[in-house]
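One file, target-v9.cif, is given below (mmCIF, C-alpha atoms).
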```
data_work
#
loop_
_atom_site.label_atom_id
_atom_site.label_comp_id
_atom_site.auth_asym_id
_atom_site.auth_seq_id
_atom_site.Cartn_x
_atom_site.Cartn_y
_atom_site.Cartn_z
CA MET A 130 3.16 23.87 -13.45
CA PRO A 131 5.22 20.79 -12.68
CA ARG A 132 2.17 18.97 -11.43
CA GLU A 133 0.52 18.83 -14.85
CA GLU A 134 3.72 17.67 -16.55
CA ASN A 135 4.33 15.04 -13.90
CA MET A 136 0.79 13.67 -14.11
CA ALA A 137 1.05 13.60 -17.91
CA ALA A 138 4.37 11.72 -17.69
CA LEU A 139 2.79 9.16 -15.38
CA LYS A 140 -0.23 8.72 -17.66
CA LEU A 141 2.03 8.25 -20.68
CA ALA A 142 4.07 5.65 -18.77
CA ALA A 143 0.85 3.80 -17.87
CA GLU A 144 -0.23 3.73 -21.51
CA GLN A 145 3.19 2.46 -22.55
CA PHE A 146 2.99 -0.32 -19.98
CA LYS A 147 -0.45 -1.27 -21.27
CA ALA A 148 0.96 -1.41 -24.81
CA ARG A 149 3.81 -3.55 -23.47
CA ASP A 150 6.38 -0.92 -24.45
CA LEU A 151 8.54 -1.55 -21.38
CA ASN A 152 11.49 0.51 -22.64
CA GLY A 153 9.16 3.44 -23.21
CA HIS A 154 7.58 2.95 -19.78
CA LEU A 155 10.98 2.93 -18.05
CA LYS A 156 11.87 6.34 -19.54
CA LEU A 157 9.71 7.71 -16.73
CA TYR A 158 12.57 6.92 -14.36
CA SER A 159 15.97 8.46 -13.88
CA PRO A 160 18.60 5.73 -14.44
CA SER A 161 19.68 6.07 -10.81
CA VAL A 162 16.14 6.04 -9.43
CA LEU A 163 15.87 4.90 -5.79
CA HIS A 164 13.11 2.34 -5.42
CA HIS A 165 11.46 1.04 -2.23
CA GLY A 166 8.97 -1.72 -1.64
CA PHE A 167 9.57 -3.83 -4.74
CA SER A 168 10.95 -7.38 -4.43
CA LYS A 169 13.98 -7.38 -2.13
CA ARG A 170 16.02 -9.11 -4.77
CA ILE A 171 15.94 -6.51 -7.48
CA ARG A 172 19.00 -4.48 -8.37
CA PRO A 173 19.23 -0.76 -7.70
CA GLY A 174 18.12 1.79 -10.27
CA VAL A 175 16.07 1.44 -13.40
CA ALA A 176 17.76 -1.92 -14.14
CA GLY A 177 16.03 -3.37 -11.08
CA LEU A 178 12.68 -1.98 -12.14
CA ARG A 179 13.20 -3.49 -15.59
CA ASP A 180 13.87 -6.90 -14.00
CA HIS A 181 10.82 -6.51 -11.78
CA TYR A 182 8.45 -5.74 -14.64
CA GLU A 183 9.95 -8.32 -16.97
CA SER A 184 9.39 -11.05 -14.35
CA LEU A 185 5.91 -9.78 -13.67
CA LEU A 186 4.98 -9.88 -17.35
CA LYS A 187 6.42 -13.41 -17.71
CA GLY A 188 4.27 -14.60 -14.84
CA PHE A 189 1.23 -12.53 -15.80
CA PRO A 190 1.30 -11.82 -19.56
CA ASP A 191 -2.15 -10.21 -19.40
CA ALA A 192 -1.28 -8.05 -16.37
CA ARG A 193 -3.45 -4.95 -15.97
CA ILE A 194 -2.88 -1.95 -13.76
CA ASP A 195 -6.17 -0.12 -13.28
CA THR A 196 -5.95 3.33 -11.77
CA ASP A 197 -8.24 4.11 -8.84
CA ASP A 198 -6.84 7.52 -7.92
CA ILE A 199 -4.02 9.94 -8.72
CA LEU A 200 -2.94 12.72 -6.36
CA ALA A 201 -0.37 15.37 -7.23
CA ASP A 202 1.37 17.45 -4.58
CA GLY A 203 4.38 19.53 -5.57
CA GLU A 204 6.85 17.15 -7.17
CA LYS A 205 5.11 14.04 -5.87
CA VAL A 206 2.42 11.99 -7.54
CA LEU A 207 0.58 9.21 -5.72
CA HIS A 208 -1.00 6.51 -7.85
CA ARG A 209 -3.45 4.10 -6.21
CA PHE A 210 -4.24 1.13 -8.42
CA ARG A 211 -5.40 -2.45 -8.66
CA PHE A 212 -3.18 -5.09 -10.24
CA SER A 213 -4.90 -8.01 -11.90
CA GLY A 214 -3.64 -10.84 -14.05
CA ILE A 215 -3.89 -14.55 -14.61
CA HIS A 216 -0.90 -16.50 -13.30
CA GLN A 217 0.07 -18.11 -16.58
CA GLY A 218 3.86 -18.26 -16.31
CA GLU A 219 6.43 -19.01 -13.63
CA TYR A 220 6.73 -16.18 -11.10
CA LEU A 221 9.07 -16.00 -8.09
CA GLY A 222 9.64 -19.71 -8.51
CA PHE A 223 5.94 -20.55 -8.43
CA SER A 224 4.63 -22.65 -11.30
CA PRO A 225 1.63 -21.16 -13.07
CA THR A 226 -1.61 -21.78 -11.22
CA GLY A 227 -3.97 -20.38 -13.85
CA LYS A 228 -5.56 -18.29 -11.07
CA LEU A 229 -6.72 -14.71 -11.39
CA VAL A 230 -4.67 -12.62 -8.99
CA GLN A 231 -5.89 -9.22 -7.85
CA ALA A 232 -4.12 -6.93 -5.44
CA ALA A 233 -4.36 -3.28 -4.46
CA GLY A 234 -1.24 -1.13 -4.53
CA VAL A 235 0.08 2.39 -4.23
CA GLN A 236 3.12 3.94 -5.87
CA ILE A 237 4.41 7.35 -4.83
CA HIS A 238 6.67 8.99 -7.37
CA LEU A 239 9.06 11.86 -6.60
CA PHE A 240 9.83 13.80 -9.75
CA LYS A 241 12.78 16.01 -10.58
CA GLU A 242 12.91 17.80 -13.92
CA GLY A 243 10.23 15.56 -15.39
CA ARG A 244 11.64 12.17 -14.37
CA VAL A 245 11.08 10.01 -11.33
CA VAL A 246 14.11 9.98 -9.03
CA GLU A 247 12.52 8.03 -6.19
CA VAL A 248 9.55 5.67 -6.02
CA TRP A 249 7.88 3.97 -3.03
CA GLN A 250 5.56 1.04 -3.60
CA VAL A 251 3.23 -0.53 -1.04
CA MET A 252 1.28 -3.57 -2.22
CA ASP A 253 -1.26 -5.87 -0.68
CA ALA A 254 1.36 -8.57 -1.04
CA TYR A 255 -0.65 -11.14 0.90
CA SER A 256 -3.48 -11.16 -1.66
CA PHE A 257 -0.94 -11.39 -4.43
CA LEU A 258 1.00 -14.30 -2.97
CA LYS A 259 -2.19 -16.05 -1.91
CA GLY A 260 -3.32 -15.98 -5.50
CA ILE A 261 -0.20 -17.81 -6.69
CA GLY A 262 -0.23 -20.36 -3.90
CA GLY A 263 2.73 -18.82 -2.12
CA VAL A 264 1.19 -18.73 1.33
CA SER A 265 -1.05 -21.00 3.29
CA ARG A 266 -3.24 -20.00 6.19
CA VAL A 267 -2.19 -21.26 9.56
CA ARG A 268 -5.66 -20.50 10.78
CA ASP A 269 -8.89 -19.25 9.29
CA MET A 270 -8.79 -15.52 8.87
CA LYS A 271 -9.54 -12.55 6.64
CA MET B 528 -4.75 23.44 -3.76
CA PRO B 529 -4.82 21.02 -0.86
CA ARG B 530 -6.88 22.20 2.09
CA ALA B 531 -4.69 23.03 5.06
CA GLU B 532 -7.47 22.21 7.50
CA ASN B 533 -7.60 18.63 6.25
CA ILE B 534 -3.87 18.15 6.61
CA GLU B 535 -4.13 19.65 10.09
CA ALA B 536 -7.09 17.42 11.03
CA LEU B 537 -5.10 14.34 10.04
CA GLN B 538 -2.05 15.50 12.01
CA GLN B 539 -4.20 16.10 15.09
CA ALA B 540 -5.80 12.70 14.75
CA ALA B 541 -2.35 11.09 14.53
CA THR B 542 -1.30 12.89 17.72
CA ARG B 543 -4.42 11.73 19.54
CA PHE B 544 -3.77 8.16 18.46
CA LYS B 545 -0.20 8.41 19.72
CA LEU B 546 -1.61 9.51 23.09
CA ARG B 547 -3.93 6.51 22.99
CA ASP B 548 -7.04 8.70 22.75
CA LEU B 549 -8.86 6.35 20.38
CA GLU B 550 -12.22 8.13 20.60
CA GLY B 551 -10.46 11.43 19.90
CA TYR B 552 -8.73 9.83 16.91
CA LEU B 553 -12.03 8.52 15.53
CA LYS B 554 -13.49 12.07 15.48
CA LEU B 555 -11.50 12.42 12.26
CA TYR B 556 -14.15 10.32 10.55
CA ASP B 557 -17.67 11.16 9.44
CA GLU B 558 -20.27 8.69 10.76
CA SER B 559 -20.93 7.51 7.24
CA VAL B 560 -17.24 6.84 6.50
CA ILE B 561 -16.57 4.10 3.96
CA HIS B 562 -13.34 2.22 4.61
CA HIS B 563 -11.35 0.00 2.24
CA GLY B 564 -8.38 -2.28 2.72
CA PHE B 565 -8.72 -2.97 6.42
CA SER B 566 -9.49 -6.51 7.55
CA SER B 567 -12.42 -7.75 5.51
CA ARG B 568 -14.10 -8.81 8.74
CA ILE B 569 -14.56 -5.39 10.23
CA ARG B 570 -17.98 -3.76 10.34
CA PRO B 571 -18.79 -0.75 8.19
CA GLY B 572 -18.27 2.78 9.41
CA ILE B 573 -16.63 4.09 12.56
CA PRO B 574 -17.53 0.97 14.62
CA GLY B 575 -15.40 -1.11 12.24
CA LEU B 576 -12.47 1.27 12.48
CA ARG B 577 -12.82 1.29 16.26
CA ASP B 578 -12.70 -2.52 16.31
CA HIS B 579 -9.72 -2.54 13.97
CA TYR B 580 -7.62 -0.18 16.07
CA SER B 581 -8.75 -1.65 19.42
CA ASN B 582 -7.65 -5.09 18.27
CA LEU B 583 -4.37 -3.74 16.99
CA LEU B 584 -3.68 -1.98 20.27
CA LYS B 585 -4.43 -5.17 22.23
CA GLY B 586 -2.02 -7.18 20.11
CA PHE B 587 0.63 -4.46 19.89
CA PRO B 588 0.30 -2.20 22.95
CA ASP B 589 3.45 -0.23 22.11
CA MET B 590 2.48 0.24 18.46
CA ARG B 591 3.47 3.34 16.51
CA ILE B 592 2.34 4.57 13.14
CA ASP B 593 5.07 6.93 12.00
CA ILE B 594 4.21 9.29 9.17
CA GLU B 595 7.03 9.30 6.64
CA ASP B 596 5.43 11.43 3.93
CA ILE B 597 2.28 13.45 3.27
CA ILE B 598 0.71 13.95 -0.16
CA ALA B 599 -2.27 16.28 -0.30
CA ASP B 600 -4.38 17.20 -3.32
CA GLY B 601 -7.76 18.93 -3.19
CA GLU B 602 -9.91 17.21 -0.59
CA THR B 603 -7.64 14.16 -0.36
CA VAL B 604 -4.74 13.69 2.03
CA ALA B 605 -2.49 10.63 1.92
CA HIS B 606 0.05 9.46 4.48
CA ARG B 607 2.85 7.05 3.76
CA CYS B 608 3.47 5.38 7.13
CA MET B 609 5.48 2.75 8.90
CA PHE B 610 3.71 0.58 11.45
CA SER B 611 5.89 -0.83 14.20
CA GLY B 612 4.99 -2.69 17.35
CA THR B 613 5.86 -5.64 19.53
CA HIS B 614 3.44 -8.54 19.32
CA LYS B 615 2.79 -8.77 23.05
CA GLY B 616 -0.93 -9.57 23.14
CA GLU B 617 -3.30 -11.95 21.41
CA PHE B 618 -4.07 -10.84 17.86
CA MET B 619 -6.36 -12.52 15.32
CA GLY B 620 -6.69 -15.37 17.80
CA LEU B 621 -2.96 -16.02 17.77
CA PRO B 622 -0.79 -16.01 20.88
CA PRO B 623 1.86 -13.30 21.19
CA THR B 624 5.14 -14.03 19.39
CA ARG B 625 6.96 -11.15 21.16
CA LYS B 626 8.38 -10.16 17.79
CA LEU B 627 8.95 -6.55 16.79
CA ILE B 628 7.08 -6.14 13.57
CA ARG B 629 7.43 -3.33 11.05
CA ALA B 630 5.29 -2.91 7.97
CA PRO B 631 4.79 -0.01 5.55
CA SER B 632 1.35 1.31 4.68
CA VAL B 633 -0.40 4.10 2.84
CA HIS B 634 -3.63 5.70 4.05
CA VAL B 635 -5.63 7.88 1.69
CA HIS B 636 -8.34 10.05 3.27
CA LEU B 637 -11.08 11.85 1.31
CA PHE B 638 -12.45 14.78 3.27
CA LYS B 639 -15.79 16.57 3.15
CA ASN B 640 -16.56 19.48 5.47
CA GLY B 641 -13.48 18.74 7.55
CA ARG B 642 -14.09 15.06 8.24
CA ALA B 643 -12.94 11.93 6.39
CA VAL B 644 -15.82 10.37 4.47
CA GLU B 645 -13.79 7.67 2.79
CA VAL B 646 -10.45 6.04 3.64
CA TRP B 647 -8.33 3.56 1.73
CA GLN B 648 -5.58 1.58 3.39
CA VAL B 649 -2.93 -0.27 1.40
CA PHE B 650 -0.71 -2.20 3.72
CA ASP B 651 2.16 -4.65 3.29
CA ASN B 652 0.25 -7.28 5.16
CA LEU B 653 2.37 -10.20 3.96
CA THR B 654 5.29 -9.32 6.23
CA PHE B 655 2.87 -8.71 9.05
CA LEU B 656 0.96 -11.97 8.70
CA LEU B 657 4.14 -14.05 8.27
CA GLU B 658 5.71 -12.54 11.37
CA ILE B 659 2.73 -13.17 13.64
CA GLY B 660 2.38 -16.71 12.36
CA ALA B 661 -1.02 -16.29 10.71
CA VAL B 662 0.25 -17.55 7.40
CA SER B 663 3.30 -19.45 6.28
CA ARG B 664 5.13 -19.61 2.98
CA ALA B 665 4.26 -22.52 0.73
CA GLY B 666 6.47 -23.85 -2.04
CA GLY B 667 8.42 -21.76 -4.54
CA LYS B 668 11.43 -19.64 -3.70
CA LYS B 669 11.97 -16.00 -2.57
#
```

Now, as a test, write the supplied structure out as structure tokens.
Amino acid sequence: MPREENMAALKLAAEQFKARDLNGHLKLYSPSVLHHGFSKRIRPGVAGLRDHYESLLKGFPDARIDTDDILADGEKVLHRFRFSGIHQGEYLGFSPTGKLVQAAGVQIHLFKEGRVVEVWQVMDAYSFLKGIGGVSRVRDMK
Amino acid sequence: MPRAENIEALQQAATRFKLRDLEGYLKLYDESVIHHGFSSRIRPGIPGLRDHYSNLLKGFPDMRIDIEDIIADGETVAHRCMFSGTHKGEFMGLPPTRKLIRAPSVHVHLFKNGRAVEVWQVFDNLTFLLEIGAVSRAGGKK
């Protein structure tokens, strides 16, 4: 059943990320993977994802991705997670604040023959940017 | 196997919302529903969801939530959506900007006996909040 293989591939990728084996983690993706919802500035394909995660790990060397839920449906796997990390290095041009940043996110992976060919990410980007001092409230809210 | 009746219930609810039948939409939810990832100021349960959507409809009377993908697994059904609407009415205490705003989101619904007992929203709120003028960028680049 593709669903079991796909979920196993995703779990392996998560473990590799945790162990900071970024090359291993990126094997999850087809080189020409289409990605949506990451920083607008990243390049297409797995090269862009590499850039994204390298920057993230520079800014948040202790970054954790804790899984809240995994759903598998045909060739798709949805991963709902919480990102957390202390802003210890420069990130997106923001000097380290030393703050703990936590943000909820979802990634939906479309698999083909055991690799991810398309991935959609939706993040609570406001919480993330707030944590690094990248936004200021115009009025009291939330 | 995902339950067809849950997928169907969610589709029907989406149709009712489109027709502006908010009470009909809210029948999707069990009275005890636990919601996550909506504004932190909303009340628990269905009353909170009612407030959330009423406020959204006041601020964005022409709003749409277009379903771009459905992932269903067991008793859970997730929608990847795109919110779009013109900021024509007051929202979060801010005057209308008249901007057309689009923001992606994911909603994950956990069903029990045909109704949603728990719902998680993950929403790209940064774009949304920047566009309506609730927050502004501070420092850095990007």

Taking all atoms listed in the file into account, produce a table as a tab-separated table in which each residue of chain B with an atom at most 12 Å from an atom of chain A appears once, together with its shortest atom pair and the distance in Å to one decimal, ordered by chain and rising number.
```
residue	atom	partner	partner_atom	distance
B:Met528	CA	A:Asp202	CA	8.6
B:Pro529	CA	A:Asp202	CA	8.1
B:Arg530	CA	A:Asp202	CA	11.6
B:His563	CA	A:Ala233	CA	10.2
B:Gly564	CA	A:Ala233	CA	8.3
B:Phe565	CA	A:Lys271	CA	9.6
B:Ser566	CA	A:Lys271	CA	6.1
B:Ser567	CA	A:Lys271	CA	5.7
B:Arg568	CA	A:Lys271	CA	6.3
B:Ile569	CA	A:Lys271	CA	9.5
B:Glu595	CA	A:Trp249	CA	11.1
B:Asp596	CA	A:Ile237	CA	9.7
B:Ile597	CA	A:Asp202	CA	8.9
B:Ile598	CA	A:Asp202	CA	5.7
B:Ala599	CA	A:Asp202	CA	5.7
B:Asp600	CA	A:Leu200	CA	5.6
B:Gly601	CA	A:Leu200	CA	8.5
B:Glu602	CA	A:Leu200	CA	10.1
B:Thr603	CA	A:Leu200	CA	7.8
B:Val604	CA	A:Leu200	CA	8.6
B:Ala605	CA	A:Leu207	CA	8.4
B:His606	CA	A:Leu207	CA	10.2
B:Arg607	CA	A:Ile237	CA	8.7
B:Cys608	CA	A:Val251	CA	10.1
B:Met609	CA	A:Val251	CA	10.7
B:Phe618	CA	A:Met270	CA	11.2
B:Met619	CA	A:Met270	CA	7.5
B:Gly620	CA	A:Arg268	CA	8.8
B:Leu621	CA	A:Arg268	CA	8.7
B:Ala630	CA	A:Val251	CA	9.5
B:Pro631	CA	A:Val251	CA	6.8
B:Ser632	CA	A:Val251	CA	6.3
B:Val633	CA	A:Val251	CA	7.0
B:His634	CA	A:Val235	CA	9.7
B:Val635	CA	A:Arg209	CA	9.0
B:His636	CA	A:Leu200	CA	11.4
B:Leu637	CA	A:Asp198	CA	11.0
B:Trp647	CA	A:Arg209	CA	9.3
B:Gln648	CA	A:Ala233	CA	9.3
B:Val649	CA	A:Asp253	CA	6.2
B:Phe650	CA	A:Asp253	CA	5.8
B:Asp651	CA	A:Asp253	CA	5.4
B:Asn652	CA	A:Tyr255	CA	5.8
B:Leu653	CA	A:Tyr255	CA	4.4
B:Thr654	CA	A:Tyr255	CA	8.2
B:Phe655	CA	A:Tyr255	CA	9.2
B:Leu656	CA	A:Tyr255	CA	8.0
B:Leu657	CA	A:Val264	CA	8.9
B:Glu658	CA	A:Val267	CA	11.9
B:Ile659	CA	A:Val267	CA	10.3
B:Gly660	CA	A:Val267	CA	7.0
B:Ala661	CA	A:Val267	CA	5.2
B:Val662	CA	A:Arg266	CA	4.4
B:Ser663	CA	A:Val264	CA	5.4
B:Arg664	CA	A:Val264	CA	4.4
B:Ala665	CA	A:Val264	CA	4.9
B:Gly666	CA	A:Gly263	CA	6.3
B:Gly667	CA	A:Gly222	CA	4.6
B:Lys668	CA	A:Gly222	CA	5.1
B:Lys669	CA	A:Leu221	CA	6.2
```

May I have the protein, DNA and RNA residues with any atom at most 7 Å from the point (0.9, 9.6, 11.0), counting only C-alpha atoms, written as a PyMOL selection string?
-> chain B and resi 538+541+592-594+606+608

For the structure provided, state which residues fall under the PyMOL selection byres ((chain A and resi 152) around 12), and present them as a PyMOL selection string.
-> chain A and resi 142+145-146+148-151+153-158+175-176+178-180+182-183

So that I have them on file, write out the residues from the current selection with C-alpha atoms, as a PDB file, keeping the file's coordinate frame.
```
ATOM      1  CA  ALA A 142       4.070   5.650 -18.770  1.00  0.00           C
ATOM      2  CA  GLN A 145       3.190   2.460 -22.550  1.00  0.00           C
ATOM      3  CA  PHE A 146       2.990  -0.320 -19.980  1.00  0.00           C
ATOM      4  CA  ALA A 148       0.960  -1.410 -24.810  1.00  0.00           C
ATOM      5  CA  ARG A 149       3.810  -3.550 -23.470  1.00  0.00           C
ATOM      6  CA  ASP A 150       6.380  -0.920 -24.450  1.00  0.00           C
ATOM      7  CA  LEU A 151       8.540  -1.550 -21.380  1.00  0.00           C
ATOM      8  CA  GLY A 153       9.160   3.440 -23.210  1.00  0.00           C
ATOM      9  CA  HIS A 154       7.580   2.950 -19.780  1.00  0.00           C
ATOM     10  CA  LEU A 155      10.980   2.930 -18.050  1.00  0.00           C
ATOM     11  CA  LYS A 156      11.870   6.340 -19.540  1.00  0.00           C
ATOM     12  CA  LEU A 157       9.710   7.710 -16.730  1.00  0.00           C
ATOM     13  CA  TYR A 158      12.570   6.920 -14.360  1.00  0.00           C
ATOM     14  CA  VAL A 175      16.070   1.440 -13.400  1.00  0.00           C
ATOM     15  CA  ALA A 176      17.760  -1.920 -14.140  1.00  0.00           C
ATOM     16  CA  LEU A 178      12.680  -1.980 -12.140  1.00  0.00           C
ATOM     17  CA  ARG A 179      13.200  -3.490 -15.590  1.00  0.00           C
ATOM     18  CA  ASP A 180      13.870  -6.900 -14.000  1.00  0.00           C
ATOM     19  CA  TYR A 182       8.450  -5.740 -14.640  1.00  0.00           C
ATOM     20  CA  GLU A 183       9.950  -8.320 -16.970  1.00  0.00           C
TER      21      GLU A 183
END
```

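Between atom CA of B:Val560 and atom CA of B:Ile573 there is a distance of 6.7 Å.
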
B:Thr613 environment, 6 Å, all atoms listed in the file, sequence neighbours closer than 5 positions dropped, as a VMD selection string | chain B and resid 587 625 to 627

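Of the residues listed (B:Val646, B:His614, B:Leu555, B:Leu546), B:Leu555 shows the shortest atom-to-atom separation from B:Glu532; distances use all atoms listed in the file.
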
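Candidate residues A:Arg211, A:His165, A:Arg172, A:Lys140 were compared for distance to A:Val248, and the nearest is A:His165, using only C-alpha atoms.
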
Would you work out the distance separating atom CA of B:Lys554 from atom CA of B:Ala531, expressed in Å to one decimal?
-> 17.5 Å

Looking at only C-alpha atoms, which of A:Lys187, A:His181, A:Arg193, A:Arg132 is the one that sits closest to A:His216?
-> A:Lys187

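Evaluated on this file, the PyMOL selection byres ((chain B and resi 547) around 12) matches Ala540, Ala541, Thr542, Arg543, Phe544, Lys545, Leu546, Asp548, Leu549, Glu550, Gly551, Tyr552, Leu553, Tyr580, Ser581, Leu583, Leu584, Lys585, Pro588, Asp589, Met590, Arg591 and Ile592 of chain B.
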
Of the listed residues B:Arg577, B:Lys615, B:Arg570, B:His562, that which approaches B:Ala643 most closely, counting all atoms listed in the file = B:His562

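For the pair atom CA of A:Val246 and atom CA of B:Ser611, the separation is 26.9 Å.
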
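Closest approach to B:Asp557 among B:Gly641, B:Pro623, B:Gly575, B:Gly586: B:Gly641, based on only C-alpha atoms.
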
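When all atoms listed in the file are used to compute distances to A:Phe189, the closest of the residues A:Gly260, A:Glu247, A:Phe240, A:Ser161 turns out to be A:Gly260.
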